[in-house]
Amino acid sequence: MYVTAIPSFTGDAHPYGGGDPYADYRTADFPFTQYVNLAARTLGASVIAANDEFFAQRENLLIAERAEFDPEHFGHKGKIMDGWETRRRRGASAEHPWPTAEDHDWALVRLGAPGVIRGIVVDTAHFRGNYPQAVSVEGTSVAGSPSPEELLGDDVKWTTLVPRTPVGGHAANGFEVSLEQCFTHLRVNQHPDGGIARLRVYGEVVPDPAWLEVLGAFDVVALENGGRAEDASNLFYSPASNTIQPGRSRKMDDGWETRRRRDQGHDWIRYRLVAQSHIRAIEIDTAYLKGNSAGWASVSVRDGEAGDWHEILPRTRLQPDTNHRFVLPEPAVGTHARVDIFPDGGISRLRLFGSLTEAGTAALSARHRELGG
């Protein structure tokens with residue numbers, strides 16, 4: 001077992017001097033980014049409230065694309081920033097013009113799906129001298145759709161995920177989280193004020209077994225239902241997890257595409273299903289992949305980590321920019337699935353429709369209780 005050190009960045013970045021604004025951006029490879037972003041808008045996440053957003057709106061925190069910077073873009077309130085930025089805090093009097101140690105700004109984030117959080121990135125891109133001195137993050141689990149007022153009530157218990165920690169300007173500040181607990185909402189605090197460009201919350205979806213039972217048949221590999229892309233042969237153009245995102249792909253890079261092969265091999269993605277499932281139907285979509293879709297695809301499943309792979313959809317010709325549907329002659333039982341594409345290219349979505357087995361339901365219910373969901 002090994003522990004990956006999380007680099008930390010503190011202090012101001014240099015003032016913008018022209019050219020590529022990301023040239024001096026400070027970042028690192030964080031080990032937890034292999035997990036899904038639970039704060040993605042595509043999953044349904046939202047910044048539902050903030051105590052202050054004078055200079056820049058709170059909703060910018062969850063934009064999927066990296067923050068942009070236009071040095072000439074000013075408005076009536078000052079420099080327009082692509083992030084969430086609050087006004088400067090002041091003290092109580094001329095004798096004490098500085099903010100107190102307790103002064104801070106906050107934003108409430110509803111995660112797109114309840115889940116166990118493995119890591120958080122608080123990105124201060126382009127906030128070079130106006131970033132917060134420190135940040136902290138708390139989490140809670142509240143059923144239903146609570147209002148901001150309900151979340152801020154005295155009866156809601158908040159758990160510290162990231163203690164108050166100094167951060168740096170124009171940097172990706174990463175924090176590993178090791179709590180085995182399910183959360184639905186976060187409170188992001190910046191001390192005492194300033195701006196944050198983007199927030200990413202990486203973790204594992206923890207679905208509600210009661211909800212899945214009511215659905216009956218559902219997509220047992222979908223991110224929102226607790227599925228996960230575990231590994232892939234190639235991630236050159238886009239992440240494998242795109243293939244199990246909600247909804248249909250909206251553009252080419254919203255799917256999975258590999259580099260061009262110059263050998264006799266093929267590419268693949270391996271998935272973990274929400275739990276042991278009966279799979280009854282398959283969808284493979286190549287939307288927006290027109291000259292670069294996979295030529296053929298097959299799907300296999302295995303039951304358990306050490307189980308053997310069994311092909312449930314033989315190698316089948318795919319058409320570009322097309323949704324392909326296949327009804328299986330009999331249900332296939334498995335905990336993991338693999339899609340193989342030949343020889344390379346991409347698919348936009350994979351759907352595996354079915355239902356949980358008795359064993360799958362029991363395992364999922366036990367985990368849900370264990371995590372306090």
# chains A, B, ... in the order shown; residues from 1 in each chain; ligands from 1
>>> select_by_dssp(residues="segment 177-284 of chain A", states="strand (DSSP E or B)", output="ChimeraX atom specification")
/A:182-191,195-196,198-205,218-219,228-232,256-257,267-284
>>> write_last_selection(atoms="N, CA and C atoms", output="short mmCIF file (atom, residue, chain, number, x, y, z; two decimals), in the first residue's frame")
data_model
loop_
_atom_site.label_atom_id
_atom_site.label_comp_id
_atom_site.auth_asym_id
_atom_site.auth_seq_id
_atom_site.Cartn_x
_atom_site.Cartn_y
_atom_site.Cartn_z
N CYS A 182 -21.76 8.81 3.34
CA CYS A 182 -22.48 9.33 2.19
C CYS A 182 -22.92 10.78 2.45
N PHE A 183 -22.72 11.65 1.44
CA PHE A 183 -23.10 13.05 1.56
C PHE A 183 -23.99 13.46 0.39
N THR A 184 -24.88 14.42 0.66
CA THR A 184 -25.76 14.95 -0.38
C THR A 184 -25.48 16.42 -0.68
N HIS A 185 -24.95 17.16 0.30
CA HIS A 185 -24.71 18.60 0.14
C HIS A 185 -23.36 18.99 0.75
N LEU A 186 -22.77 20.04 0.21
CA LEU A 186 -21.53 20.58 0.73
C LEU A 186 -21.71 22.06 1.07
N ARG A 187 -20.94 22.52 2.03
CA ARG A 187 -20.83 23.94 2.32
C ARG A 187 -19.36 24.32 2.11
N VAL A 188 -19.12 25.13 1.10
CA VAL A 188 -17.76 25.55 0.74
C VAL A 188 -17.53 26.93 1.35
N ASN A 189 -16.50 27.04 2.16
CA ASN A 189 -16.21 28.29 2.86
C ASN A 189 -14.89 28.87 2.38
N GLN A 190 -14.87 30.16 2.13
CA GLN A 190 -13.61 30.84 1.84
C GLN A 190 -13.36 31.89 2.92
N HIS A 191 -12.14 31.88 3.44
CA HIS A 191 -11.76 32.70 4.58
C HIS A 191 -10.73 33.75 4.16
N GLY A 195 -12.15 34.82 -4.25
CA GLY A 195 -12.76 34.16 -5.40
C GLY A 195 -12.23 32.76 -5.64
N ILE A 196 -13.14 31.90 -6.07
CA ILE A 196 -12.82 30.52 -6.47
C ILE A 196 -13.38 30.33 -7.87
N ARG A 198 -13.43 27.25 -9.87
CA ARG A 198 -14.15 26.00 -10.11
C ARG A 198 -14.07 25.11 -8.87
N LEU A 199 -15.10 24.27 -8.71
CA LEU A 199 -15.14 23.27 -7.65
C LEU A 199 -15.38 21.91 -8.28
N ARG A 200 -14.54 20.94 -7.92
CA ARG A 200 -14.72 19.56 -8.37
C ARG A 200 -14.76 18.66 -7.15
N VAL A 201 -15.75 17.76 -7.12
CA VAL A 201 -15.94 16.87 -5.97
C VAL A 201 -15.94 15.44 -6.49
N TYR A 202 -14.85 14.73 -6.29
CA TYR A 202 -14.69 13.40 -6.86
C TYR A 202 -15.07 12.32 -5.85
N GLY A 203 -15.85 11.34 -6.31
CA GLY A 203 -16.25 10.27 -5.40
C GLY A 203 -17.03 9.18 -6.09
N GLU A 204 -17.72 8.38 -5.28
CA GLU A 204 -18.49 7.24 -5.77
C GLU A 204 -19.97 7.45 -5.43
N VAL A 205 -20.80 7.29 -6.42
CA VAL A 205 -22.24 7.43 -6.21
C VAL A 205 -22.75 6.31 -5.30
N PHE A 218 -33.76 -0.73 -14.90
CA PHE A 218 -33.04 0.53 -15.03
C PHE A 218 -31.66 0.26 -15.61
N ASP A 219 -30.92 1.31 -15.86
CA ASP A 219 -29.58 1.19 -16.42
C ASP A 219 -28.62 0.86 -15.28
N ARG A 228 -19.72 2.55 -12.56
CA ARG A 228 -18.42 3.22 -12.62
C ARG A 228 -17.57 2.63 -13.72
N ALA A 229 -16.88 3.49 -14.45
CA ALA A 229 -15.87 3.04 -15.42
C ALA A 229 -14.57 2.83 -14.65
N GLU A 230 -14.12 1.58 -14.54
CA GLU A 230 -12.96 1.26 -13.71
C GLU A 230 -11.64 1.44 -14.45
N ASP A 231 -11.62 1.11 -15.73
CA ASP A 231 -10.36 1.17 -16.47
C ASP A 231 -10.68 1.19 -17.96
N ALA A 232 -9.70 1.59 -18.76
CA ALA A 232 -9.87 1.62 -20.21
C ALA A 232 -8.51 1.48 -20.86
N TRP A 256 -16.55 8.88 -25.67
CA TRP A 256 -15.22 8.30 -25.47
C TRP A 256 -14.61 8.03 -26.84
N GLU A 257 -13.42 8.58 -27.07
CA GLU A 257 -12.73 8.38 -28.34
C GLU A 257 -11.26 8.07 -28.07
N ASP A 267 -9.50 -1.63 -28.60
CA ASP A 267 -9.67 -0.84 -27.38
C ASP A 267 -10.86 -1.34 -26.58
N TRP A 268 -10.90 -0.97 -25.30
CA TRP A 268 -11.93 -1.48 -24.40
C TRP A 268 -12.12 -0.57 -23.20
N ILE A 269 -13.29 -0.72 -22.54
CA ILE A 269 -13.57 -0.10 -21.24
C ILE A 269 -14.13 -1.19 -20.34
N ARG A 270 -13.67 -1.18 -19.08
CA ARG A 270 -14.20 -2.11 -18.08
C ARG A 270 -15.01 -1.32 -17.06
N TYR A 271 -16.20 -1.83 -16.73
CA TYR A 271 -17.12 -1.14 -15.83
C TYR A 271 -17.44 -1.99 -14.60
N ARG A 272 -17.75 -1.31 -13.50
CA ARG A 272 -18.34 -1.98 -12.34
C ARG A 272 -19.81 -1.59 -12.30
N LEU A 273 -20.70 -2.55 -12.23
CA LEU A 273 -22.13 -2.28 -12.16
C LEU A 273 -22.51 -1.82 -10.75
N VAL A 274 -23.70 -1.29 -10.59
CA VAL A 274 -24.15 -0.81 -9.29
C VAL A 274 -24.08 -1.94 -8.26
N ALA A 275 -24.43 -3.14 -8.64
CA ALA A 275 -24.34 -4.35 -7.82
C ALA A 275 -24.63 -5.52 -8.77
N GLN A 276 -24.63 -6.74 -8.24
CA GLN A 276 -24.94 -7.89 -9.11
C GLN A 276 -26.32 -7.68 -9.74
N SER A 277 -26.37 -7.87 -11.05
CA SER A 277 -27.58 -7.52 -11.80
C SER A 277 -27.93 -8.57 -12.84
N HIS A 278 -29.20 -8.59 -13.20
CA HIS A 278 -29.69 -9.30 -14.39
C HIS A 278 -29.72 -8.29 -15.54
N ILE A 279 -28.94 -8.49 -16.58
CA ILE A 279 -28.92 -7.59 -17.73
C ILE A 279 -29.79 -8.19 -18.82
N ARG A 280 -30.73 -7.38 -19.36
CA ARG A 280 -31.69 -7.89 -20.34
C ARG A 280 -31.59 -7.20 -21.70
N ALA A 281 -31.01 -5.99 -21.74
CA ALA A 281 -30.93 -5.26 -23.00
C ALA A 281 -29.72 -4.33 -22.97
N ILE A 282 -29.23 -3.99 -24.18
CA ILE A 282 -28.01 -3.19 -24.32
C ILE A 282 -28.27 -2.08 -25.33
N GLU A 283 -27.75 -0.89 -25.03
CA GLU A 283 -27.70 0.19 -26.00
C GLU A 283 -26.24 0.63 -26.17
N ILE A 284 -25.81 0.76 -27.41
CA ILE A 284 -24.50 1.34 -27.72
C ILE A 284 -24.75 2.49 -28.69
#
>>> closest_atom_pairs(of="segment 11-125 of chain A", to="segment 145-160 of chain A", cutoff="10 Å", atoms="only C-alpha atoms", output="tab-separated table")
residue	atom	partner	partner_atom	distance
A:Ile48	CA	A:Pro148	CA	6.8
A:Ala49	CA	A:Pro148	CA	6.4
A:Ala50	CA	A:Pro148	CA	9.1
A:Ala107	CA	A:Pro148	CA	9.9
A:Leu108	CA	A:Pro148	CA	7.4
A:Val109	CA	A:Pro148	CA	9.6
A:Arg110	CA	A:Ser145	CA	9.1
>>> residues_around(residues="Ala366 of chain A", least_positions_apart="4", cutoff="12 Å", atoms="only C-alpha atoms", output="list of chain:residue names")
A:Val206, A:Pro207, A:Asp208, A:Pro209, A:Ala275, A:Ala359, A:Gly360, A:Thr361, A:Ala362, A:Glu370, A:Leu371, A:Gly372, A:Gly373
>>> atom_distance(atom1="atom CA of Phe175 of chain A", atom2="atom CA of Trp84 of chain A")
19.3 Å
>>> select_by_dssp(residues="segment 146-308 of chain A", states="helix (DSSP H, G or I)", output="list in words")
Pro148, Glu149, Glu150, Leu151, Pro209, Ala210, Trp211, Leu212, Glu213, Val214, Leu215, Leu223, Glu224, Asn225, Ala240, Ser241, Asn242, Thr243, Ile244, Met252, Asp253 and Asp254 of chain A
>>> write_last_selection(atoms="N, CA and C atoms", output="PDB file, in the first residue's frame")
ATOM      1  N   PRO A 148     -32.260  26.012   0.973  1.00  0.00           N
ATOM      2  CA  PRO A 148     -31.083  26.562   1.659  1.00  0.00           C
ATOM      3  C   PRO A 148     -31.372  26.880   3.126  1.00  0.00           C
ATOM      4  N   GLU A 149     -32.572  27.404   3.416  1.00  0.00           N
ATOM      5  CA  GLU A 149     -32.923  27.742   4.792  1.00  0.00           C
ATOM      6  C   GLU A 149     -32.946  26.494   5.679  1.00  0.00           C
ATOM      7  N   GLU A 150     -33.453  25.401   5.122  1.00  0.00           N
ATOM      8  CA  GLU A 150     -33.485  24.154   5.898  1.00  0.00           C
ATOM      9  C   GLU A 150     -32.075  23.622   6.139  1.00  0.00           C
ATOM     10  N   LEU A 151     -31.213  23.721   5.136  1.00  0.00           N
ATOM     11  CA  LEU A 151     -29.844  23.243   5.293  1.00  0.00           C
ATOM     12  C   LEU A 151     -29.064  24.059   6.315  1.00  0.00           C
ATOM     13  N   PRO A 209     -31.280   2.156  -2.543  1.00  0.00           N
ATOM     14  CA  PRO A 209     -31.842   0.865  -2.990  1.00  0.00           C
ATOM     15  C   PRO A 209     -33.356   0.887  -3.131  1.00  0.00           C
ATOM     16  N   ALA A 210     -34.035   1.642  -2.267  1.00  0.00           N
ATOM     17  CA  ALA A 210     -35.498   1.702  -2.343  1.00  0.00           C
ATOM     18  C   ALA A 210     -35.951   2.333  -3.656  1.00  0.00           C
ATOM     19  N   TRP A 211     -35.229   3.352  -4.113  1.00  0.00           N
ATOM     20  CA  TRP A 211     -35.573   4.011  -5.369  1.00  0.00           C
ATOM     21  C   TRP A 211     -35.356   3.065  -6.549  1.00  0.00           C
ATOM     22  N   LEU A 212     -34.241   2.356  -6.544  1.00  0.00           N
ATOM     23  CA  LEU A 212     -33.961   1.429  -7.644  1.00  0.00           C
ATOM     24  C   LEU A 212     -34.976   0.288  -7.668  1.00  0.00           C
ATOM     25  N   GLU A 213     -35.422  -0.149  -6.492  1.00  0.00           N
ATOM     26  CA  GLU A 213     -36.415  -1.218  -6.438  1.00  0.00           C
ATOM     27  C   GLU A 213     -37.733  -0.773  -7.061  1.00  0.00           C
ATOM     28  N   VAL A 214     -38.109   0.472  -6.804  1.00  0.00           N
ATOM     29  CA  VAL A 214     -39.351   0.998  -7.383  1.00  0.00           C
ATOM     30  C   VAL A 214     -39.243   1.115  -8.898  1.00  0.00           C
ATOM     31  N   LEU A 215     -38.040   1.493  -9.380  1.00  0.00           N
ATOM     32  CA  LEU A 215     -37.852   1.627 -10.831  1.00  0.00           C
ATOM     33  C   LEU A 215     -38.028   0.295 -11.545  1.00  0.00           C
ATOM     34  N   LEU A 223     -23.815   6.153 -14.260  1.00  0.00           N
ATOM     35  CA  LEU A 223     -23.180   6.856 -13.147  1.00  0.00           C
ATOM     36  C   LEU A 223     -24.182   7.231 -12.071  1.00  0.00           C
ATOM     37  N   GLU A 224     -25.314   7.780 -12.479  1.00  0.00           N
ATOM     38  CA  GLU A 224     -26.296   8.263 -11.513  1.00  0.00           C
ATOM     39  C   GLU A 224     -26.897   7.135 -10.694  1.00  0.00           C
ATOM     40  N   ASN A 225     -26.791   5.890 -11.172  1.00  0.00           N
ATOM     41  CA  ASN A 225     -27.307   4.741 -10.429  1.00  0.00           C
ATOM     42  C   ASN A 225     -26.218   3.996  -9.663  1.00  0.00           C
ATOM     43  N   ALA A 240     -13.364   7.668 -20.130  1.00  0.00           N
ATOM     44  CA  ALA A 240     -14.289   6.552 -20.335  1.00  0.00           C
ATOM     45  C   ALA A 240     -15.598   6.769 -19.600  1.00  0.00           C
ATOM     46  N   SER A 241     -15.566   7.527 -18.499  1.00  0.00           N
ATOM     47  CA  SER A 241     -16.789   7.752 -17.724  1.00  0.00           C
ATOM     48  C   SER A 241     -17.835   8.539 -18.501  1.00  0.00           C
ATOM     49  N   ASN A 242     -17.431   9.208 -19.581  1.00  0.00           N
ATOM     50  CA  ASN A 242     -18.421   9.896 -20.422  1.00  0.00           C
ATOM     51  C   ASN A 242     -19.483   8.940 -20.945  1.00  0.00           C
ATOM     52  N   THR A 243     -19.113   7.684 -21.146  1.00  0.00           N
ATOM     53  CA  THR A 243     -20.034   6.733 -21.774  1.00  0.00           C
ATOM     54  C   THR A 243     -21.196   6.352 -20.884  1.00  0.00           C
ATOM     55  N   ILE A 244     -21.114   6.667 -19.586  1.00  0.00           N
ATOM     56  CA  ILE A 244     -22.222   6.323 -18.682  1.00  0.00           C
ATOM     57  C   ILE A 244     -22.796   7.565 -18.012  1.00  0.00           C
ATOM     58  N   MET A 252     -19.085  15.764 -29.934  1.00  0.00           N
ATOM     59  CA  MET A 252     -18.170  14.646 -30.102  1.00  0.00           C
ATOM     60  C   MET A 252     -17.359  14.339 -28.847  1.00  0.00           C
ATOM     61  N   ASP A 253     -16.890  15.381 -28.139  1.00  0.00           N
ATOM     62  CA  ASP A 253     -16.047  15.116 -26.979  1.00  0.00           C
ATOM     63  C   ASP A 253     -16.850  14.794 -25.720  1.00  0.00           C
ATOM     64  N   ASP A 254     -18.167  14.611 -25.878  1.00  0.00           N
ATOM     65  CA  ASP A 254     -19.014  14.207 -24.768  1.00  0.00           C
ATOM     66  C   ASP A 254     -19.107  12.682 -24.689  1.00  0.00           C
TER      67      ASP A 254
END
>>> closest_residue(among="A:Gly44, A:Pro132, A:Pro71, A:Gly295", to="Gly18 of chain A", atoms="only C-alpha atoms")
A:Pro71
>>> closest_residue(among="A:Arg89, A:Gly304, A:Ala125, A:Gly216", to="Ala23 of chain A", atoms="only C-alpha atoms")
A:Ala125
>>> residues_around(residues="Arg302 of chain A", least_positions_apart="5", cutoff="10 Å", atoms="only C-alpha atoms", output="PyMOL selection string")
chain A and resi 272+276+307-311+332-338
>>> closest_residue(among="A:Gln264, A:Gln245, A:Asn37, A:Ser300", to="Ile117 of chain A", atoms="only C-alpha atoms")
A:Asn37
>>> atom_distance(atom1="atom CA of Gly83 of chain A", atom2="atom CA of Gly129 of chain A")
14.1 Å
>>> closest_atom_pairs(of="segment 156-258 of chain A", to="segment 314-321 of chain A", cutoff="12 Å", atoms="only C-alpha atoms", output="CSV")
residue,atom,partner,partner_atom,distance
A:Arg248,CA,A:Asp321,CA,11.3
A:Ser249,CA,A:Asp321,CA,10.2
A:Arg250,CA,A:Asp321,CA,11.3
A:Lys251,CA,A:Asp321,CA,10.6
A:Met252,CA,A:Asp321,CA,9.8
A:Gly255,CA,A:Asp321,CA,11.4
>>> write_last_selection(atoms="all heavy atoms", output="compact mmCIF listing (two decimals), in the first residue's frame")
# COMPACT_ATOMS: atom_id res chain seq x y z
N ARG A 248 -28.21 11.72 -23.67
CA ARG A 248 -27.45 11.44 -24.88
C ARG A 248 -26.31 12.43 -25.03
O ARG A 248 -26.37 13.56 -24.52
CB ARG A 248 -28.35 11.52 -26.12
CG ARG A 248 -29.42 10.44 -26.17
CD ARG A 248 -29.94 10.27 -27.59
NE ARG A 248 -28.95 9.63 -28.45
CZ ARG A 248 -29.03 9.61 -29.79
NH1 ARG A 248 -30.03 10.23 -30.39
NH2 ARG A 248 -28.12 9.00 -30.50
N SER A 249 -25.28 12.02 -25.71
CA SER A 249 -24.14 12.90 -25.97
C SER A 249 -24.61 14.11 -26.77
O SER A 249 -25.49 14.01 -27.63
CB SER A 249 -23.08 12.13 -26.76
OG SER A 249 -22.02 12.97 -27.13
N ARG A 250 -24.01 15.28 -26.48
CA ARG A 250 -24.40 16.53 -27.15
C ARG A 250 -23.37 17.01 -28.16
O ARG A 250 -23.62 17.89 -28.95
CB ARG A 250 -24.64 17.61 -26.10
CG ARG A 250 -25.80 17.33 -25.17
CD ARG A 250 -25.77 18.27 -24.00
NE ARG A 250 -24.58 18.06 -23.18
CZ ARG A 250 -24.20 18.87 -22.20
NH1 ARG A 250 -24.91 19.95 -21.92
NH2 ARG A 250 -23.11 18.62 -21.49
N LYS A 251 -22.16 16.43 -28.12
CA LYS A 251 -21.11 16.78 -29.07
C LYS A 251 -20.04 15.70 -29.02
O LYS A 251 -20.08 14.82 -28.15
CB LYS A 251 -20.51 18.16 -28.77
CG LYS A 251 -20.08 18.41 -27.35
CD LYS A 251 -19.83 19.89 -27.14
CE LYS A 251 -19.50 20.23 -25.68
NZ LYS A 251 -18.12 19.90 -25.31
N MET A 252 -19.09 15.76 -29.93
CA MET A 252 -18.17 14.65 -30.10
C MET A 252 -17.36 14.34 -28.85
O MET A 252 -17.18 13.18 -28.47
CB MET A 252 -17.21 14.91 -31.27
CG MET A 252 -16.39 13.68 -31.66
SD MET A 252 -15.38 13.96 -33.13
CE MET A 252 -14.11 15.04 -32.47
N GLY A 255 -18.38 11.99 -25.55
CA GLY A 255 -18.31 10.54 -25.52
C GLY A 255 -16.89 10.08 -25.23
O GLY A 255 -16.11 10.81 -24.62
>>> closest_residue(among="A:Phe353, A:Tyr35, A:Phe326, A:Phe127", to="Asp12 of chain A", atoms="only C-alpha atoms")
A:Phe127
>>> closest_residue(among="A:Val137, A:Ala13, A:Ala28, A:Val36", to="Gly169 of chain A", atoms="only C-alpha atoms")
A:Ala13
>>> residues_around(residues="Met81 of chain A", least_positions_apart="4", cutoff="12 Å", atoms="only C-alpha atoms", output="PyMOL selection string")
chain A and resi 53-58+60-61+67-75+77+85-86+124-128+130-131+194-198
